[in-house]
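Structure data (CSV, C-alpha atoms (C1' of nucleotides)) from protein12.csv:
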```csv
chain,number,residue,atom,x,y,z
A,1,MET,CA,-38.4,-59.3,-39.8
A,2,THR,CA,-40.4,-59.7,-42.9
A,3,ALA,CA,-38.1,-61.8,-45.0
A,4,SER,CA,-34.5,-60.7,-45.5
A,5,ALA,CA,-31.2,-62.4,-45.3
A,6,ASP,CA,-28.6,-60.4,-47.2
A,7,LEU,CA,-27.5,-57.5,-45.0
A,8,ILE,CA,-24.8,-55.4,-46.6
A,9,ALA,CA,-22.2,-55.8,-44.0
A,10,PRO,CA,-21.2,-58.2,-41.2
A,11,ALA,CA,-22.0,-57.3,-37.6
A,12,ASP,CA,-18.8,-55.4,-37.0
A,13,GLY,CA,-19.6,-52.8,-39.7
A,14,LEU,CA,-21.3,-50.9,-37.0
A,15,ASP,CA,-17.9,-49.8,-35.9
A,16,ARG,CA,-18.0,-47.2,-38.5
A,17,ASP,CA,-21.3,-45.6,-37.4
A,18,LEU,CA,-20.1,-43.8,-34.4
A,19,GLY,CA,-23.1,-41.6,-34.0
A,20,TRP,CA,-25.4,-44.6,-33.8
A,21,ALA,CA,-23.3,-46.2,-31.1
A,22,ILE,CA,-23.1,-42.9,-29.2
A,23,GLY,CA,-26.9,-42.6,-29.2
A,24,VAL,CA,-27.5,-46.2,-28.1
A,25,VAL,CA,-24.9,-46.0,-25.3
A,26,SER,CA,-26.2,-42.7,-24.2
A,27,ARG,CA,-29.8,-43.9,-23.9
A,28,GLY,CA,-28.6,-47.1,-22.2
A,29,TYR,CA,-26.6,-45.1,-19.7
A,30,ARG,CA,-29.5,-42.8,-19.0
A,31,GLN,CA,-31.8,-45.6,-18.3
A,32,ARG,CA,-29.5,-47.3,-15.9
A,33,ALA,CA,-28.4,-44.0,-14.3
A,34,MET,CA,-31.9,-42.9,-13.7
A,35,GLY,CA,-32.5,-45.9,-11.5
A,36,ALA,CA,-29.2,-45.3,-9.7
A,37,VAL,CA,-29.9,-41.7,-8.8
A,38,GLU,CA,-33.5,-42.2,-7.9
A,39,GLY,CA,-33.1,-40.6,-4.5
A,40,LEU,CA,-31.9,-37.3,-6.1
A,41,PRO,CA,-34.1,-34.7,-7.7
A,42,ALA,CA,-33.7,-34.0,-11.4
A,43,GLY,CA,-32.2,-37.4,-12.2
A,44,PRO,CA,-28.7,-37.7,-13.6
A,45,ARG,CA,-28.4,-33.9,-14.1
A,46,GLY,CA,-29.1,-33.2,-10.4
A,47,TYR,CA,-26.5,-35.8,-9.6
A,48,HIS,CA,-23.9,-34.1,-11.8
A,49,VAL,CA,-24.7,-30.7,-10.3
A,50,LEU,CA,-24.3,-32.2,-6.8
A,51,CYS,CA,-20.9,-33.6,-8.0
A,52,ALA,CA,-19.8,-30.2,-9.2
A,53,VAL,CA,-21.0,-28.4,-6.1
A,54,SER,CA,-19.1,-30.8,-3.9
A,55,GLU,CA,-15.9,-30.4,-5.8
A,56,GLY,CA,-14.1,-27.6,-4.1
A,57,VAL,CA,-14.6,-23.9,-3.2
A,58,PRO,CA,-18.2,-22.8,-3.4
A,59,ARG,CA,-19.0,-21.5,-6.8
A,60,SER,CA,-21.7,-19.3,-8.3
A,61,GLN,CA,-24.6,-20.7,-10.3
A,62,LEU,CA,-23.1,-19.3,-13.5
A,63,ALA,CA,-19.7,-20.9,-12.7
A,64,LEU,CA,-21.5,-24.2,-12.2
A,65,ALA,CA,-23.4,-23.9,-15.4
A,66,ARG,CA,-20.2,-23.2,-17.3
A,67,ARG,CA,-18.5,-26.1,-15.7
A,68,LEU,CA,-21.3,-28.5,-16.6
A,69,GLY,CA,-21.9,-27.0,-20.1
A,70,LEU,CA,-25.5,-26.1,-19.2
A,71,ASP,CA,-27.4,-22.9,-19.6
A,72,LYS,CA,-27.7,-20.7,-16.6
A,73,THR,CA,-31.5,-20.9,-16.9
A,74,VAL,CA,-31.3,-24.7,-16.5
A,75,MET,CA,-29.0,-24.3,-13.5
A,76,THR,CA,-31.6,-22.1,-11.8
A,77,HIS,CA,-34.2,-24.9,-11.9
A,78,LEU,CA,-31.7,-27.6,-11.0
A,79,ILE,CA,-30.5,-25.7,-7.9
A,80,ASP,CA,-34.2,-25.0,-7.1
A,81,ASP,CA,-34.9,-28.7,-7.0
A,82,LEU,CA,-31.8,-29.6,-5.0
A,83,GLU,CA,-32.4,-26.8,-2.5
A,84,GLN,CA,-36.0,-27.8,-2.1
A,85,ALA,CA,-34.7,-31.3,-1.3
A,86,GLY,CA,-32.4,-29.9,1.3
A,87,MET,CA,-29.2,-31.0,-0.5
A,88,VAL,CA,-27.7,-27.6,-1.3
A,89,THR,CA,-28.2,-24.1,0.0
A,90,ARG,CA,-27.8,-20.7,-1.7
A,91,ARG,CA,-26.0,-18.0,0.2
A,92,PRO,CA,-24.9,-14.6,-0.8
A,93,ASP,CA,-21.4,-14.0,-2.1
A,94,PRO,CA,-19.9,-11.5,0.2
A,95,ARG,CA,-17.8,-10.1,-2.6
A,96,ASP,CA,-20.5,-9.8,-5.3
A,97,ARG,CA,-24.1,-9.1,-4.2
A,98,ARG,CA,-25.4,-10.3,-7.6
A,99,ALA,CA,-23.9,-13.8,-7.2
A,100,ARG,CA,-25.0,-16.6,-4.9
A,101,GLN,CA,-22.7,-19.3,-3.7
A,102,VAL,CA,-24.0,-22.8,-3.9
A,103,VAL,CA,-22.9,-25.1,-1.1
A,104,ILE,CA,-23.7,-28.7,-0.4
A,105,THR,CA,-25.4,-29.7,2.9
A,106,ALA,CA,-24.8,-32.6,5.1
A,107,ASP,CA,-27.8,-34.4,3.7
A,108,GLY,CA,-26.6,-33.6,0.2
A,109,ALA,CA,-23.2,-35.0,0.9
A,110,ARG,CA,-24.7,-38.2,2.3
A,111,ALA,CA,-27.0,-38.6,-0.7
A,112,LEU,CA,-24.1,-38.0,-3.0
A,113,VAL,CA,-22.0,-40.7,-1.5
A,114,GLN,CA,-24.8,-43.2,-1.8
A,115,ALA,CA,-25.6,-42.1,-5.4
A,116,ARG,CA,-22.0,-42.5,-6.4
A,117,GLU,CA,-21.9,-46.1,-5.4
A,118,GLN,CA,-25.1,-46.9,-7.3
A,119,VAL,CA,-23.9,-45.0,-10.4
A,120,ALA,CA,-20.7,-47.0,-10.3
A,121,VAL,CA,-22.8,-50.2,-10.3
A,122,ALA,CA,-24.8,-48.9,-13.2
A,123,GLU,CA,-21.7,-48.0,-15.2
A,124,ALA,CA,-20.2,-51.4,-14.5
A,125,GLY,CA,-23.4,-53.0,-15.8
A,126,LEU,CA,-23.3,-50.9,-19.0
A,127,LEU,CA,-19.7,-52.0,-19.6
A,128,ALA,CA,-20.3,-55.6,-18.6
A,129,GLY,CA,-19.2,-56.9,-22.0
A,130,LEU,CA,-15.8,-55.4,-21.8
A,131,SER,CA,-12.7,-56.6,-20.0
A,132,ALA,CA,-11.2,-54.5,-17.2
A,133,GLU,CA,-8.5,-53.2,-19.5
A,134,GLU,CA,-11.0,-52.4,-22.3
A,135,SER,CA,-13.2,-50.5,-19.8
A,136,ARG,CA,-10.3,-48.5,-18.7
A,137,ALA,CA,-9.4,-47.7,-22.3
A,138,LEU,CA,-13.0,-46.7,-23.2
A,139,ARG,CA,-13.2,-44.4,-20.1
A,140,ALA,CA,-9.9,-42.8,-21.0
A,141,LEU,CA,-10.8,-42.3,-24.6
A,142,MET,CA,-14.3,-41.0,-23.9
A,143,GLY,CA,-12.8,-38.7,-21.3
A,144,ARG,CA,-10.4,-37.2,-23.8
A,145,VAL,CA,-13.0,-36.7,-26.5
A,146,ALA,CA,-15.4,-35.2,-23.9
A,147,ARG,CA,-12.9,-32.7,-22.6
A,148,GLN,CA,-12.1,-31.6,-26.1
A,149,ALA,CA,-15.7,-31.4,-27.2
A,150,GLN,CA,-16.5,-29.3,-24.2
A,151,ALA,CA,-13.5,-27.0,-24.7
A,152,SER,CA,-14.4,-26.4,-28.3
A,153,ALA,CA,-18.1,-25.9,-27.5
A,154,GLY,CA,-18.1,-23.7,-24.4
A,155,GLN,CA,-14.9,-21.6,-24.7
A,156,ALA,CA,-15.4,-20.3,-21.2
A,157,GLY,CA,-14.7,-23.6,-19.6
A,158,ASP,CA,-13.1,-24.0,-16.3
A,159,SER,CA,-9.6,-25.3,-15.8
A,160,ALA,CA,-10.2,-28.8,-14.6
A,161,ALA,CA,-12.8,-31.4,-15.5
A,162,SER,CA,-15.3,-33.1,-13.2
A,163,ASP,CA,-13.7,-35.7,-11.0
A,164,CYS,CA,-17.0,-37.1,-9.8
A,165,ALA,CA,-17.1,-40.8,-9.5
B,1,MET,CA,-17.1,-31.4,2.7
B,2,THR,CA,-18.8,-28.1,3.0
B,3,ALA,CA,-16.0,-25.8,2.2
B,4,SER,CA,-13.1,-28.1,1.4
B,5,ALA,CA,-10.1,-27.9,-0.9
B,6,ASP,CA,-9.2,-31.6,-0.9
B,7,LEU,CA,-10.4,-32.8,-4.2
B,8,ILE,CA,-10.6,-36.5,-4.5
B,9,ALA,CA,-8.7,-36.9,-7.7
B,10,PRO,CA,-6.6,-34.8,-10.1
B,11,ALA,CA,-7.9,-33.5,-13.4
B,12,ASP,CA,-7.8,-36.9,-15.1
B,13,GLY,CA,-10.2,-38.3,-12.4
B,14,LEU,CA,-12.9,-37.5,-15.0
B,15,ASP,CA,-11.9,-40.8,-16.6
B,16,ARG,CA,-14.0,-42.4,-13.9
B,17,ASP,CA,-17.1,-40.5,-14.5
B,18,LEU,CA,-18.2,-42.2,-17.6
B,19,GLY,CA,-21.7,-40.8,-17.6
B,20,TRP,CA,-20.5,-37.3,-17.7
B,21,ALA,CA,-18.2,-38.1,-20.7
B,22,ILE,CA,-21.1,-39.8,-22.5
B,23,GLY,CA,-23.3,-36.9,-22.1
B,24,VAL,CA,-20.8,-34.4,-23.3
B,25,VAL,CA,-19.8,-36.5,-26.3
B,26,SER,CA,-23.4,-37.2,-27.1
B,27,ARG,CA,-24.2,-33.5,-27.1
B,28,GLY,CA,-21.1,-32.6,-29.1
B,29,TYR,CA,-21.9,-35.3,-31.7
B,30,ARG,CA,-25.5,-34.1,-32.0
B,31,GLN,CA,-24.4,-30.6,-32.6
B,32,ARG,CA,-21.9,-31.5,-35.3
B,33,ALA,CA,-24.2,-34.1,-36.9
B,34,MET,CA,-27.1,-31.7,-37.0
B,35,GLY,CA,-25.1,-29.6,-39.3
B,36,ALA,CA,-24.0,-32.5,-41.4
B,37,VAL,CA,-27.5,-33.8,-42.1
B,38,GLU,CA,-29.0,-30.4,-42.6
B,39,GLY,CA,-30.5,-31.5,-45.9
B,40,LEU,CA,-32.5,-34.3,-44.4
B,41,PRO,CA,-35.7,-34.0,-42.4
B,42,ALA,CA,-35.8,-34.9,-38.7
B,43,GLY,CA,-32.1,-34.4,-38.3
B,44,PRO,CA,-29.8,-37.2,-37.2
B,45,ARG,CA,-32.8,-39.5,-36.6
B,46,GLY,CA,-34.0,-39.1,-40.1
B,47,TYR,CA,-30.5,-39.9,-41.2
B,48,HIS,CA,-30.4,-43.1,-39.2
B,49,VAL,CA,-33.8,-44.2,-40.5
B,50,LEU,CA,-32.7,-43.6,-44.0
B,51,CYS,CA,-29.6,-45.7,-43.3
B,52,ALA,CA,-31.7,-48.5,-42.0
B,53,VAL,CA,-34.1,-48.3,-44.9
B,54,SER,CA,-31.3,-48.5,-47.4
B,55,GLU,CA,-29.8,-51.6,-45.8
B,56,GLY,CA,-31.4,-54.5,-47.5
B,57,VAL,CA,-34.8,-56.0,-48.2
B,58,PRO,CA,-37.7,-53.6,-47.6
B,59,ARG,CA,-38.9,-53.8,-44.0
B,60,SER,CA,-42.0,-52.7,-42.2
B,61,GLN,CA,-42.1,-49.7,-40.0
B,62,LEU,CA,-42.3,-51.8,-36.9
B,63,ALA,CA,-39.2,-53.8,-38.0
B,64,LEU,CA,-37.4,-50.5,-38.6
B,65,ALA,CA,-38.4,-49.2,-35.2
B,66,ARG,CA,-37.1,-52.3,-33.5
B,67,ARG,CA,-33.9,-52.1,-35.5
B,68,LEU,CA,-33.3,-48.6,-34.4
B,69,GLY,CA,-34.5,-49.0,-30.9
B,70,LEU,CA,-37.3,-46.5,-31.3
B,71,ASP,CA,-41.0,-46.6,-30.6
B,72,LYS,CA,-43.3,-47.4,-33.4
B,73,THR,CA,-45.1,-44.1,-32.8
B,74,VAL,CA,-41.9,-42.2,-33.4
B,75,MET,CA,-41.3,-44.2,-36.5
B,76,THR,CA,-44.6,-43.1,-37.9
B,77,HIS,CA,-43.6,-39.4,-37.7
B,78,LEU,CA,-40.1,-40.0,-39.0
B,79,ILE,CA,-41.4,-41.9,-42.1
B,80,ASP,CA,-44.0,-39.1,-42.6
B,81,ASP,CA,-41.3,-36.5,-42.8
B,82,LEU,CA,-39.1,-38.6,-45.0
B,83,GLU,CA,-41.9,-39.5,-47.3
B,84,GLN,CA,-43.0,-35.9,-47.6
B,85,ALA,CA,-39.5,-35.0,-48.5
B,86,GLY,CA,-39.7,-37.6,-51.3
B,87,MET,CA,-36.9,-39.7,-49.9
B,88,VAL,CA,-38.8,-42.9,-49.0
B,89,THR,CA,-42.2,-44.3,-50.1
B,90,ARG,CA,-44.7,-46.5,-48.3
B,91,ARG,CA,-46.1,-49.4,-50.2
B,92,PRO,CA,-48.4,-52.2,-49.1
B,93,ASP,CA,-46.8,-55.5,-48.1
B,94,PRO,CA,-48.3,-58.1,-50.5
B,95,ARG,CA,-48.1,-60.7,-47.7
B,96,ASP,CA,-49.6,-58.7,-44.9
B,97,ARG,CA,-52.1,-56.1,-45.6
B,98,ARG,CA,-51.6,-54.5,-42.1
B,99,ALA,CA,-47.9,-53.8,-42.8
B,100,ARG,CA,-46.3,-51.3,-45.1
B,101,GLN,CA,-42.9,-51.7,-46.7
B,102,VAL,CA,-40.7,-48.7,-46.6
B,103,VAL,CA,-38.4,-48.3,-49.6
B,104,ILE,CA,-35.8,-45.6,-50.4
B,105,THR,CA,-36.3,-43.5,-53.5
B,106,ALA,CA,-33.6,-42.3,-55.9
B,107,ASP,CA,-33.7,-38.9,-54.3
B,108,GLY,CA,-33.3,-40.5,-50.9
B,109,ALA,CA,-30.4,-42.6,-51.9
B,110,ARG,CA,-28.7,-39.5,-53.4
B,111,ALA,CA,-29.3,-37.5,-50.2
B,112,LEU,CA,-28.0,-40.4,-48.1
B,113,VAL,CA,-24.7,-40.6,-50.0
B,114,GLN,CA,-24.2,-37.0,-49.5
B,115,ALA,CA,-25.1,-37.1,-45.8
B,116,ARG,CA,-22.8,-40.0,-45.2
B,117,GLU,CA,-19.9,-38.0,-46.4
B,118,GLN,CA,-20.7,-35.0,-44.2
B,119,VAL,CA,-21.4,-37.2,-41.2
B,120,ALA,CA,-18.0,-38.8,-41.7
B,121,VAL,CA,-16.4,-35.3,-41.6
B,122,ALA,CA,-18.4,-34.4,-38.4
B,123,GLU,CA,-17.2,-37.6,-36.7
B,124,ALA,CA,-13.7,-37.0,-37.7
B,125,GLY,CA,-13.9,-33.5,-36.2
B,126,LEU,CA,-15.3,-34.9,-32.9
B,127,LEU,CA,-12.4,-37.4,-32.7
B,128,ALA,CA,-9.8,-34.9,-33.9
B,129,GLY,CA,-7.8,-35.2,-30.6
B,130,LEU,CA,-7.3,-39.0,-31.1
B,131,SER,CA,-4.8,-40.8,-33.2
B,132,ALA,CA,-6.0,-43.1,-36.0
B,133,GLU,CA,-5.5,-46.1,-33.8
B,134,GLU,CA,-7.3,-44.6,-30.8
B,135,SER,CA,-10.2,-43.6,-33.0
B,136,ARG,CA,-10.5,-47.2,-34.3
B,137,ALA,CA,-10.3,-48.5,-30.7
B,138,LEU,CA,-13.0,-46.1,-29.5
B,139,ARG,CA,-15.3,-46.9,-32.4
B,140,ALA,CA,-14.9,-50.6,-31.8
B,141,LEU,CA,-15.4,-50.4,-28.0
B,142,MET,CA,-18.4,-48.1,-28.4
B,143,GLY,CA,-19.9,-50.4,-31.0
B,144,ARG,CA,-19.6,-53.4,-28.7
B,145,VAL,CA,-21.1,-51.6,-25.7
B,146,ALA,CA,-23.9,-50.2,-28.0
B,147,ARG,CA,-24.8,-53.7,-29.3
B,148,GLN,CA,-24.9,-55.1,-25.9
B,149,ALA,CA,-27.0,-52.2,-24.5
B,150,GLN,CA,-29.5,-52.5,-27.3
B,151,ALA,CA,-29.7,-56.3,-26.9
B,152,SER,CA,-30.4,-56.0,-23.2
B,153,ALA,CA,-32.8,-53.1,-23.6
B,154,GLY,CA,-35.0,-54.2,-26.5
B,155,GLN,CA,-35.1,-58.0,-26.4
B,156,ALA,CA,-36.8,-58.1,-29.8
B,157,GLY,CA,-33.7,-56.8,-31.5
B,158,ASP,CA,-32.6,-58.0,-35.0
B,159,SER,CA,-29.6,-60.1,-35.7
B,160,ALA,CA,-27.2,-57.5,-37.0
B,161,ALA,CA,-26.5,-54.0,-36.1
B,162,SER,CA,-26.5,-51.0,-38.4
B,163,ASP,CA,-23.6,-50.7,-40.8
B,164,CYS,CA,-24.4,-47.2,-41.8
B,165,ALA,CA,-21.4,-45.1,-42.4
C,1,DT,C1',-56.9,-62.5,-29.2
C,2,DA,C1',-52.6,-60.4,-31.2
C,3,DT,C1',-50.3,-57.3,-34.4
C,4,DT,C1',-49.5,-53.1,-37.7
C,5,DG,C1',-50.0,-48.5,-38.0
C,6,DT,C1',-52.1,-44.1,-36.6
C,7,DT,C1',-53.4,-40.3,-33.5
C,8,DA,C1',-53.4,-37.8,-29.3
C,9,DT,C1',-51.4,-36.6,-24.9
C,10,DA,C1',-48.0,-35.6,-21.6
C,11,DC,C1',-43.6,-35.1,-19.7
C,12,DT,C1',-38.6,-34.1,-20.0
C,13,DC,C1',-34.8,-31.6,-22.0
C,14,DT,C1',-33.2,-27.7,-24.4
C,15,DA,C1',-33.0,-22.9,-26.3
C,16,DT,C1',-34.3,-18.2,-26.3
C,17,DA,C1',-35.8,-13.8,-24.8
C,18,DA,C1',-37.0,-10.5,-21.4
C,19,DC,C1',-36.6,-8.8,-16.9
C,20,DT,C1',-34.3,-7.4,-12.0
C,21,DA,C1',-30.5,-6.2,-9.3
C,22,DT,C1',-26.2,-5.3,-9.1
C,23,DA,C1',-21.4,-4.1,-11.0
D,1,DT,C1',-22.6,-1.1,-20.5
D,2,DA,C1',-22.0,-5.7,-18.8
D,3,DT,C1',-23.0,-9.5,-15.5
D,4,DA,C1',-25.8,-12.9,-12.0
D,5,DG,C1',-29.9,-14.7,-11.5
D,6,DT,C1',-34.9,-15.4,-12.4
D,7,DT,C1',-39.0,-16.2,-15.2
D,8,DA,C1',-41.7,-17.5,-19.2
D,9,DT,C1',-42.1,-19.5,-23.6
D,10,DA,C1',-41.5,-22.6,-27.4
D,11,DG,C1',-39.3,-26.4,-29.6
D,12,DA,C1',-37.5,-31.0,-29.8
D,13,DG,C1',-37.3,-36.1,-28.0
D,14,DT,C1',-39.6,-39.6,-25.6
D,15,DA,C1',-43.3,-42.6,-23.5
D,16,DT,C1',-48.0,-43.9,-23.1
D,17,DA,C1',-52.7,-45.0,-24.1
D,18,DA,C1',-56.4,-45.5,-27.3
D,19,DC,C1',-58.0,-46.6,-31.7
D,20,DA,C1',-58.8,-48.9,-36.7
D,21,DA,C1',-57.6,-52.5,-39.8
D,22,DT,C1',-56.0,-56.9,-40.3
D,23,DA,C1',-54.1,-61.5,-38.9
```

Show me, as C-alpha cells, the structure contained in the file I just sent.
Amino acid sequence: MTASADLIAPADGLDRDLGWAIGVVSRGYRQRAMGAVEGLPAGPRGYHVLCAVSEGVPRSQLALARRLGLDKTVMTHLIDDLEQAGMVTRRPDPRDRRARQVVITADGARALVQAREQVAVAEAGLLAGLSAEESRALRALMGRVARQAQASAGQAGDSAASDCA
Amino acid sequence: MTASADLIAPADGLDRDLGWAIGVVSRGYRQRAMGAVEGLPAGPRGYHVLCAVSEGVPRSQLALARRLGLDKTVMTHLIDDLEQAGMVTRRPDPRDRRARQVVITADGARALVQAREQVAVAEAGLLAGLSAEESRALRALMGRVARQAQASAGQAGDSAASDCA
DNA sequence: TATTGTTATACTCTATAACTATA
DNA sequence: TATAGTTATAGAGTATAACAATA
C-alpha cells in the first residue's frame, strides 16, 4: 500500500458489508469446488444437476431447471454435457411426449459419490477457520436464507430443497 | 439409484450442501443489490470500488485491486466507468510516476451515501427470514469465512477488510 | 529486471428471443 | 393457447497475455 494507516473501522467492521462477504465466499467456494468436481462436466453446475437428478423419481428437464433455479435453456446444455459424458440419459416420458425424463446412469452415480466426497473436503477447507458448532450454524443459516431467496425468486419452486451432500 | 424413492435426507438435508446455499444466496443478493446501486456504474462492483476508494488515504489502482480481490485489468475498466460518471478522479502519485491515486469526488461521496442506504435495505430484505440475532450471527460468520478465504487466495492482501456498509 | 497501468482476447455464465413438437 | 425442449445470440464477469512507461 502506498502510505496509509488510518482505516476508518477496525477489522470486524466488515461484518456489516454482507454483500462483500457473500462475493468473496462465493468466489472462494467456486475455486475450491471446481477442483473437487474436476471429473464432472460443466463444473459445479453439472455436479448440482447430477445431485438433483439422483434425488428421487425421474423428472423432466424443466422440473430440474425449476428445482435448481436455472433457465431451461441452461439445463439443455448441462444435460447435453452430462449425457455426452455418459452420466445421465434422456428417455421419453410415457405420459407426455413433449417431455423427457432425465435419469442417472451407473457411471453417473459412481462419479457423484466420488464428487460428493471431494466437495465435502472442499467445503471443510472453506470453513476451516470455524469451529464445528459455528460451521453447523453457518450452514443452517445459509440454508434458510437460500430457501427463502429461491422461494421469493422463482415462485414455481418444488416442495423440498436439495439434499445433496 | 436409478429409479429410487429413498432420499438420503429430509428437507433440511440442504443444510449440508453449503455450495448450493452459497450459490442461491449469492444470486439473490446480486439481484437485490443491482436494484439498490442502480445509480452507480458497473453495478455492485462499482459500489464496492467506491467503498474502497472512500476508505482512507488515496490508493493506487493496484492497491485497490488487491484490496477487493480483483484483477488489475478489471480495476482499470471499473475506474474508467466511475471516472466517466464523475464519481472518482485519477491523479498522479507524486512519489511514483507510474502509479495513479484514485480519489472520490463530492458527487461520488453523495452517490455512495445514497447507495449505502439502499444496499442496507436490500440486505435486510435478503435476511428477512432471520431474527436480529441470527442476522448478526450470519454476518459475523460470513465475514470470518470471507476474510480467511481472501487471505488464503490472494496472499498479497491488505491488513484490514472492507468496512463498507 | 520488476512494477503500474493499459489494451486486447477468450472463455464462462447468464438472459432473451425464436422456433418445433406436442398438449 | 400454452407447455417442453432446442437453438442462437448478446451481455456480463473473469482470466490471460502482451505492451508502454517508470522504478

Could you list the residues in chain C lying within 9 Å of chain B, using only C-alpha atoms (C1' of nucleotides), and format the result as a JSON list (two decimals) with C-alpha atoms (C1' of nucleotides), in the frame of the given file?
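What landed in out.json:
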```json
[["chain", "number", "residue", "atom", "x", "y", "z"],
["C", 3, "DT", "C1'", -50.30, -57.30, -34.40],
["C", 4, "DT", "C1'", -49.50, -53.10, -37.70],
["C", 5, "DG", "C1'", -50.00, -48.50, -38.00],
["C", 6, "DT", "C1'", -52.10, -44.10, -36.60]]
```

query: Got a sec to pull out which chain D residues are within 10 Å of chain A, counting all atoms listed in the file, and send them as a list in words?
result: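 Result, ordered by chain then number: DT3, DA4, DG5, DT6 and DT7 of chain D.
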
query: Which RMSD value, in Å, follows from superposing chain B onto chain A on all C-alpha atoms in order by least squares?
result: 2.1 Å

- prompt: Restricting the calculation to all atoms listed in the file, which member of A:Leu50, A:Val103, A:Ala132, A:Val121 is positioned closest to chain B?
  reply: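 Nearest candidate to chain B out of A:Leu50, A:Val103, A:Ala132, A:Val121: A:Val103.
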
- prompt: Which residues, written as number ranges by chain, have at least one atom at most 12 Å from DA8 (chain C), with all atoms listed in the file counted and residues fewer than 6 positions away on the same chain left out?
  reply: B: 73; D: 16-19

- request: Could you check how far CA of Arg91 (chain A) sits from C1' of DC19 (chain C), in Å to one decimal?
  value: 22.1 Å

query: By how many Å are CA of Gly28 (chain A) and CA of Gly19 (chain B) apart?
result: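 Answer for the CA of Gly28 (chain A) to CA of Gly19 (chain B) separation: 10.4 Å.
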
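From CA of Gly143 (chain B) back to CA of Val25 (chain A), the distance works out to 8.8 Å.
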
- request: Please provide as a VMD selection string all residues within 12 Å of region 33-43 of chain B, with the sequence filter that same-chain residues fewer than 2 positions apart are discarded (counting all atoms listed in the file).
  value: (chain A and resid 17 to 20 22 to 23) or (chain B and resid 25 to 31 45 to 51 74 to 75 77 to 88 107 to 126) or (chain D and resid 12 to 13)

Restricting it to C-alpha atoms (C1' of nucleotides), dump the selection as a PDB file, in the coordinates of the input.
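result_9.pdb was written with the following content:
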```pdb
ATOM      1  CA  ASP A  17     -21.300 -45.600 -37.400  1.00  0.00           C
ATOM      2  CA  LEU A  18     -20.100 -43.800 -34.400  1.00  0.00           C
ATOM      3  CA  GLY A  19     -23.100 -41.600 -34.000  1.00  0.00           C
ATOM      4  CA  TRP A  20     -25.400 -44.600 -33.800  1.00  0.00           C
ATOM      5  CA  ILE A  22     -23.100 -42.900 -29.200  1.00  0.00           C
ATOM      6  CA  GLY A  23     -26.900 -42.600 -29.200  1.00  0.00           C
TER       7      GLY A  23
ATOM      8  CA  VAL B  25     -19.800 -36.500 -26.300  1.00  0.00           C
ATOM      9  CA  SER B  26     -23.400 -37.200 -27.100  1.00  0.00           C
ATOM     10  CA  ARG B  27     -24.200 -33.500 -27.100  1.00  0.00           C
ATOM     11  CA  GLY B  28     -21.100 -32.600 -29.100  1.00  0.00           C
ATOM     12  CA  TYR B  29     -21.900 -35.300 -31.700  1.00  0.00           C
ATOM     13  CA  ARG B  30     -25.500 -34.100 -32.000  1.00  0.00           C
ATOM     14  CA  GLN B  31     -24.400 -30.600 -32.600  1.00  0.00           C
ATOM     15  CA  ARG B  45     -32.800 -39.500 -36.600  1.00  0.00           C
ATOM     16  CA  GLY B  46     -34.000 -39.100 -40.100  1.00  0.00           C
ATOM     17  CA  TYR B  47     -30.500 -39.900 -41.200  1.00  0.00           C
ATOM     18  CA  HIS B  48     -30.400 -43.100 -39.200  1.00  0.00           C
ATOM     19  CA  VAL B  49     -33.800 -44.200 -40.500  1.00  0.00           C
ATOM     20  CA  LEU B  50     -32.700 -43.600 -44.000  1.00  0.00           C
ATOM     21  CA  CYS B  51     -29.600 -45.700 -43.300  1.00  0.00           C
ATOM     22  CA  VAL B  74     -41.900 -42.200 -33.400  1.00  0.00           C
ATOM     23  CA  MET B  75     -41.300 -44.200 -36.500  1.00  0.00           C
ATOM     24  CA  HIS B  77     -43.600 -39.400 -37.700  1.00  0.00           C
ATOM     25  CA  LEU B  78     -40.100 -40.000 -39.000  1.00  0.00           C
ATOM     26  CA  ILE B  79     -41.400 -41.900 -42.100  1.00  0.00           C
ATOM     27  CA  ASP B  80     -44.000 -39.100 -42.600  1.00  0.00           C
ATOM     28  CA  ASP B  81     -41.300 -36.500 -42.800  1.00  0.00           C
ATOM     29  CA  LEU B  82     -39.100 -38.600 -45.000  1.00  0.00           C
ATOM     30  CA  GLU B  83     -41.900 -39.500 -47.300  1.00  0.00           C
ATOM     31  CA  GLN B  84     -43.000 -35.900 -47.600  1.00  0.00           C
ATOM     32  CA  ALA B  85     -39.500 -35.000 -48.500  1.00  0.00           C
ATOM     33  CA  GLY B  86     -39.700 -37.600 -51.300  1.00  0.00           C
ATOM     34  CA  MET B  87     -36.900 -39.700 -49.900  1.00  0.00           C
ATOM     35  CA  VAL B  88     -38.800 -42.900 -49.000  1.00  0.00           C
ATOM     36  CA  ASP B 107     -33.700 -38.900 -54.300  1.00  0.00           C
ATOM     37  CA  GLY B 108     -33.300 -40.500 -50.900  1.00  0.00           C
ATOM     38  CA  ALA B 109     -30.400 -42.600 -51.900  1.00  0.00           C
ATOM     39  CA  ARG B 110     -28.700 -39.500 -53.400  1.00  0.00           C
ATOM     40  CA  ALA B 111     -29.300 -37.500 -50.200  1.00  0.00           C
ATOM     41  CA  LEU B 112     -28.000 -40.400 -48.100  1.00  0.00           C
ATOM     42  CA  VAL B 113     -24.700 -40.600 -50.000  1.00  0.00           C
ATOM     43  CA  GLN B 114     -24.200 -37.000 -49.500  1.00  0.00           C
ATOM     44  CA  ALA B 115     -25.100 -37.100 -45.800  1.00  0.00           C
ATOM     45  CA  ARG B 116     -22.800 -40.000 -45.200  1.00  0.00           C
ATOM     46  CA  GLU B 117     -19.900 -38.000 -46.400  1.00  0.00           C
ATOM     47  CA  GLN B 118     -20.700 -35.000 -44.200  1.00  0.00           C
ATOM     48  CA  VAL B 119     -21.400 -37.200 -41.200  1.00  0.00           C
ATOM     49  CA  ALA B 120     -18.000 -38.800 -41.700  1.00  0.00           C
ATOM     50  CA  VAL B 121     -16.400 -35.300 -41.600  1.00  0.00           C
ATOM     51  CA  ALA B 122     -18.400 -34.400 -38.400  1.00  0.00           C
ATOM     52  CA  GLU B 123     -17.200 -37.600 -36.700  1.00  0.00           C
ATOM     53  CA  ALA B 124     -13.700 -37.000 -37.700  1.00  0.00           C
ATOM     54  CA  GLY B 125     -13.900 -33.500 -36.200  1.00  0.00           C
ATOM     55  CA  LEU B 126     -15.300 -34.900 -32.900  1.00  0.00           C
TER      56      LEU B 126
ATOM     57  C1'  DA D  12     -37.500 -31.000 -29.800  1.00  0.00           C
ATOM     58  C1'  DG D  13     -37.300 -36.100 -28.000  1.00  0.00           C
TER      59       DG D  13
END
```
